[in-house]
file coords-v2.pdb (PDB, C-alpha atoms)
ATOM      1  CA  MET A   1      -6.220  -5.765   5.379  1.00  0.00           C
ATOM      2  CA  ILE A   2      -9.900  -5.012   5.846  1.00  0.00           C
ATOM      3  CA  THR A   3      -9.259  -3.112   9.071  1.00  0.00           C
ATOM      4  CA  LEU A   4      -6.542  -0.979   7.493  1.00  0.00           C
ATOM      5  CA  GLY A   5      -8.751  -0.360   4.453  1.00  0.00           C
ATOM      6  CA  THR A   6     -11.582   0.845   6.675  1.00  0.00           C
ATOM      7  CA  ILE A   7      -9.198   3.122   8.573  1.00  0.00           C
ATOM      8  CA  PHE A   8      -7.948   4.549   5.250  1.00  0.00           C
ATOM      9  CA  ILE A   9     -11.485   5.246   4.068  1.00  0.00           C
ATOM     10  CA  ILE A  10     -12.343   7.065   7.306  1.00  0.00           C
ATOM     11  CA  LEU A  11      -9.038   8.968   7.288  1.00  0.00           C
ATOM     12  CA  MET A  12      -9.394  10.038   3.664  1.00  0.00           C
ATOM     13  CA  ALA A  13     -13.035  11.034   4.143  1.00  0.00           C
ATOM     14  CA  TYR A  14     -12.068  13.221   7.099  1.00  0.00           C
ATOM     15  CA  ALA A  15      -9.093  14.707   5.229  1.00  0.00           C
ATOM     16  CA  SER A  16     -11.299  15.410   2.189  1.00  0.00           C
ATOM     17  CA  PHE A  17     -13.859  17.075   4.440  1.00  0.00           C
ATOM     18  CA  GLN A  18     -11.148  19.227   6.008  1.00  0.00           C
ATOM     19  CA  ASN A  19      -9.821  20.089   2.552  1.00  0.00           C
ATOM     20  CA  TRP A  20     -13.324  21.034   1.401  1.00  0.00           C
ATOM     21  CA  ARG A  21     -13.587  23.353   4.425  1.00  0.00           C
ATOM     22  CA  GLY A  22     -10.171  24.807   3.601  1.00  0.00           C
ATOM     23  CA  ARG A  23      -8.641  23.655   6.884  1.00  0.00           C
ATOM     24  CA  LEU A  24      -6.472  20.736   5.780  1.00  0.00           C
ATOM     25  CA  GLY A  25      -3.312  22.829   5.544  1.00  0.00           C
ATOM     26  CA  SER A  26      -3.882  24.373   8.967  1.00  0.00           C
ATOM     27  CA  SER A  27      -4.220  21.116  10.904  1.00  0.00           C
ATOM     28  CA  PRO A  28      -0.684  19.814  11.425  1.00  0.00           C
ATOM     29  CA  TRP A  29      -1.788  16.739  13.396  1.00  0.00           C
ATOM     30  CA  LEU A  30      -3.895  15.537  10.448  1.00  0.00           C
ATOM     31  CA  LEU A  31      -1.027  16.128   8.041  1.00  0.00           C
ATOM     32  CA  TRP A  32       1.239  14.095  10.326  1.00  0.00           C
ATOM     33  CA  VAL A  33      -1.288  11.255  10.483  1.00  0.00           C
ATOM     34  CA  LEU A  34      -1.592  11.276   6.686  1.00  0.00           C
ATOM     35  CA  MET A  35       2.185  11.226   6.314  1.00  0.00           C
ATOM     36  CA  LEU A  36       2.633   8.396   8.819  1.00  0.00           C
ATOM     37  CA  ALA A  37      -0.151   6.378   7.140  1.00  0.00           C
ATOM     38  CA  PHE A  38       1.798   6.395   3.862  1.00  0.00           C
ATOM     39  CA  PRO A  39       3.402   2.905   4.180  1.00  0.00           C
ATOM     40  CA  PHE A  40       0.309   1.161   5.495  1.00  0.00           C
ATOM     41  CA  PRO A  41      -1.342   0.451   2.094  1.00  0.00           C
ATOM     42  CA  TYR A  42       1.732  -1.584   1.196  1.00  0.00           C
ATOM     43  CA  ILE A  43       1.532  -3.405   4.509  1.00  0.00           C
ATOM     44  CA  ALA A  44      -2.198  -4.041   3.985  1.00  0.00           C
ATOM     45  CA  ASN A  45      -1.543  -5.367   0.482  1.00  0.00           C
ATOM     46  CA  THR A  46       1.168  -7.711   1.742  1.00  0.00           C
ATOM     47  CA  LEU A  47      -0.954  -8.939   4.643  1.00  0.00           C
ATOM     48  CA  GLY A  48      -3.889  -9.585   2.310  1.00  0.00           C
ATOM     49  CA  TRP A  49      -1.673 -11.534  -0.052  1.00  0.00           C
ATOM     50  CA  MET A  50      -0.223 -13.568   2.819  1.00  0.00           C
ATOM     51  CA  THR A  51      -3.698 -14.312   4.150  1.00  0.00           C
ATOM     52  CA  ALA A  52      -4.841 -15.501   0.733  1.00  0.00           C
ATOM     53  CA  GLU A  53      -1.792 -17.687   0.173  1.00  0.00           C
ATOM     54  CA  LEU A  54      -1.464 -19.091   3.675  1.00  0.00           C
ATOM     55  CA  GLY A  55      -5.210 -19.667   3.808  1.00  0.00           C
ATOM     56  CA  ARG A  56      -4.897 -22.309   1.107  1.00  0.00           C
ATOM     57  CA  GLN A  57      -3.235 -24.740   3.489  1.00  0.00           C
ATOM     58  CA  PRO A  58      -6.436 -25.675   5.407  1.00  0.00           C
ATOM     59  CA  TRP A  59      -7.995 -26.935   2.186  1.00  0.00           C
ATOM     60  CA  LEU A  60      -5.735 -29.940   2.560  1.00  0.00           C
ATOM     61  CA  ILE A  61      -7.724 -32.300   4.771  1.00  0.00           C
ATOM     62  CA  TYR A  62      -5.973 -33.330   7.969  1.00  0.00           C
ATOM     63  CA  GLY A  63      -5.180 -37.025   7.911  1.00  0.00           C
ATOM     64  CA  LEU A  64      -6.714 -37.631   4.463  1.00  0.00           C
ATOM     65  CA  PHE A  65      -5.090 -35.224   2.029  1.00  0.00           C
ATOM     66  CA  HIS A  66      -1.564 -34.223   3.003  1.00  0.00           C
ATOM     67  CA  THR A  67       0.480 -31.232   1.862  1.00  0.00           C
ATOM     68  CA  ARG A  68       2.821 -33.517  -0.064  1.00  0.00           C
ATOM     69  CA  ASP A  69      -0.195 -34.693  -2.092  1.00  0.00           C
ATOM     70  CA  GLY A  70      -1.523 -31.178  -2.737  1.00  0.00           C
ATOM     71  CA  TYR A  71       1.039 -29.989  -5.269  1.00  0.00           C
ATOM     72  CA  SER A  72       0.392 -29.949  -8.993  1.00  0.00           C
ATOM     73  CA  LYS A  73       2.108 -32.684 -10.945  1.00  0.00           C
ATOM     74  CA  VAL A  74       1.706 -30.650 -14.157  1.00  0.00           C
ATOM     75  CA  VAL A  75       3.719 -27.592 -13.021  1.00  0.00           C
ATOM     76  CA  SER A  76       7.460 -28.246 -13.094  1.00  0.00           C
ATOM     77  CA  ASN A  77      10.144 -26.772 -10.849  1.00  0.00           C
ATOM     78  CA  GLY A  78      11.420 -24.714 -13.782  1.00  0.00           C
ATOM     79  CA  ASP A  79       7.978 -23.184 -14.350  1.00  0.00           C
ATOM     80  CA  THR A  80       7.757 -22.244 -10.687  1.00  0.00           C
ATOM     81  CA  ILE A  81      11.227 -20.677 -10.616  1.00  0.00           C
ATOM     82  CA  PHE A  82      10.552 -18.817 -13.877  1.00  0.00           C
ATOM     83  CA  THR A  83       7.326 -17.382 -12.472  1.00  0.00           C
ATOM     84  CA  LEU A  84       9.024 -16.433  -9.204  1.00  0.00           C
ATOM     85  CA  ILE A  85      11.863 -14.658 -11.032  1.00  0.00           C
ATOM     86  CA  GLY A  86       9.312 -12.902 -13.244  1.00  0.00           C
ATOM     87  CA  PHE A  87       7.345 -11.592 -10.255  1.00  0.00           C
ATOM     88  CA  ILE A  88      10.514 -10.506  -8.468  1.00  0.00           C
ATOM     89  CA  GLY A  89      11.651  -8.664 -11.598  1.00  0.00           C
ATOM     90  CA  LEU A  90       8.258  -7.020 -12.085  1.00  0.00           C
ATOM     91  CA  TYR A  91       8.076  -5.823  -8.484  1.00  0.00           C
ATOM     92  CA  PHE A  92      11.692  -4.615  -8.658  1.00  0.00           C
ATOM     93  CA  VAL A  93      10.957  -2.527 -11.767  1.00  0.00           C
ATOM     94  CA  LEU A  94       7.754  -1.166 -10.219  1.00  0.00           C
ATOM     95  CA  GLY A  95       9.644  -0.299  -7.022  1.00  0.00           C
ATOM     96  CA  LEU A  96      12.333   1.564  -8.970  1.00  0.00           C
ATOM     97  CA  LEU A  97       9.674   3.406 -10.988  1.00  0.00           C
ATOM     98  CA  PHE A  98       7.872   4.344  -7.783  1.00  0.00           C
ATOM     99  CA  LEU A  99      11.059   5.674  -6.177  1.00  0.00           C
ATOM    100  CA  TYR A 100      11.938   7.623  -9.331  1.00  0.00           C
ATOM    101  CA  LEU A 101       8.479   9.236  -9.589  1.00  0.00           C
ATOM    102  CA  VAL A 102       8.326  10.120  -5.888  1.00  0.00           C
ATOM    103  CA  GLY A 103      11.868  11.537  -6.023  1.00  0.00           C
ATOM    104  CA  ARG A 104      10.992  13.587  -9.088  1.00  0.00           C
ATOM    105  CA  GLU A 105       7.922  15.059  -7.393  1.00  0.00           C
ATOM    106  CA  ILE A 106       9.876  15.858  -4.253  1.00  0.00           C
ATOM    107  CA  GLY A 107      12.568  17.474  -6.392  1.00  0.00           C
ATOM    108  CA  HIS A 108      10.044  19.757  -8.072  1.00  0.00           C
ATOM    109  CA  GLY A 109       8.715  20.950  -4.729  1.00  0.00           C
ATOM    110  CA  PRO A 110       5.375  22.634  -4.186  1.00  0.00           C
ATOM    111  CA  ASP A 111       3.879  25.091  -6.658  1.00  0.00           C
ATOM    112  CA  GLN A 112       4.979  28.667  -6.048  1.00  0.00           C
ATOM    113  CA  GLU A 113       1.381  29.885  -5.723  1.00  0.00           C
ATOM    114  CA  VAL A 114       0.549  27.248  -3.125  1.00  0.00           C
ATOM    115  CA  ALA A 115       3.757  27.941  -1.191  1.00  0.00           C
ATOM    116  CA  ALA A 116       3.108  31.703  -1.295  1.00  0.00           C
ATOM    117  CA  SER A 117      -0.487  31.343  -0.096  1.00  0.00           C
ATOM    118  CA  ARG A 118       0.650  28.954   2.631  1.00  0.00           C
ATOM    119  CA  GLY A 119       3.256  31.498   3.738  1.00  0.00           C
ATOM    120  CA  GLU A 120       0.648  34.243   3.873  1.00  0.00           C
ATOM    121  CA  GLU A 121      -1.613  32.026   6.003  1.00  0.00           C
ATOM    122  CA  LEU A 122       1.195  31.407   8.448  1.00  0.00           C
ATOM    123  CA  LEU A 123       1.894  35.130   8.790  1.00  0.00           C
ATOM    124  CA  ARG A 124      -1.709  35.897   9.796  1.00  0.00           C
TER     125      ARG A 124
END
call {"tool": "encode", "arguments": {"input": "coords-v2.pdb", "output": "structure tokens"}}
result
Amino acid sequence: MITLGTIFIILMAYASFQNWRGRLGSSPWLLWVLMLAFPFPYIANTLGWMTAELGRQPWLIYGLFHTRDGYSKVVSNGDTIFTLIGFIGLYFVLGLLFLYLVGREIGHGPDQEVAASRGEELLR
């Protein structure tokens, strides 16, 4: 997660610098890298979450404090299932909202002025 975050910072700083110079649109390799980097924040988020959750296991002391003794006696199975269903539902709704918003933006297409200026640049 930290490695991907550092790569994103460097990539975005370089892309911002190129945009400031007015050369972002004329460097197709950078645009491809930015497009291919699109899913990696989700991967970094998932890997960070997995590291945090799986990293809890070593807190149980080998030979003295077993996994079977490390669960909470206060939290019931129903509470756990309810929370799990709630998180699944929340992420499902957020995923649908994300897909809707991205689809809407793709459907609108680029601004006419930007597309026209981009076409003029390509003709030069």
call {"tool": "atom_distance", "arguments": {"input": "coords-v2.pdb", "atom1": "atom CA of A:Thr80", "atom2": "atom CA of A:Met50"}}
result
17.9 Å
call {"tool": "atom_distance", "arguments": {"input": "coords-v2.pdb", "atom1": "atom CA of A:Asn77", "atom2": "atom CA of A:Thr51"}}
result
23.9 Å
call {"tool": "atom_distance", "arguments": {"input": "coords-v2.pdb", "atom1": "atom CA of A:Leu11", "atom2": "atom CA of A:Leu34"}}
result
7.8 Å
call {"tool": "resolve_selection", "arguments": {"input": "coords-v2.pdb", "expression": "the PyMOL selection byres ((chain A and resi 35-43) around 12)", "output": "count of residues only"}}
result
27
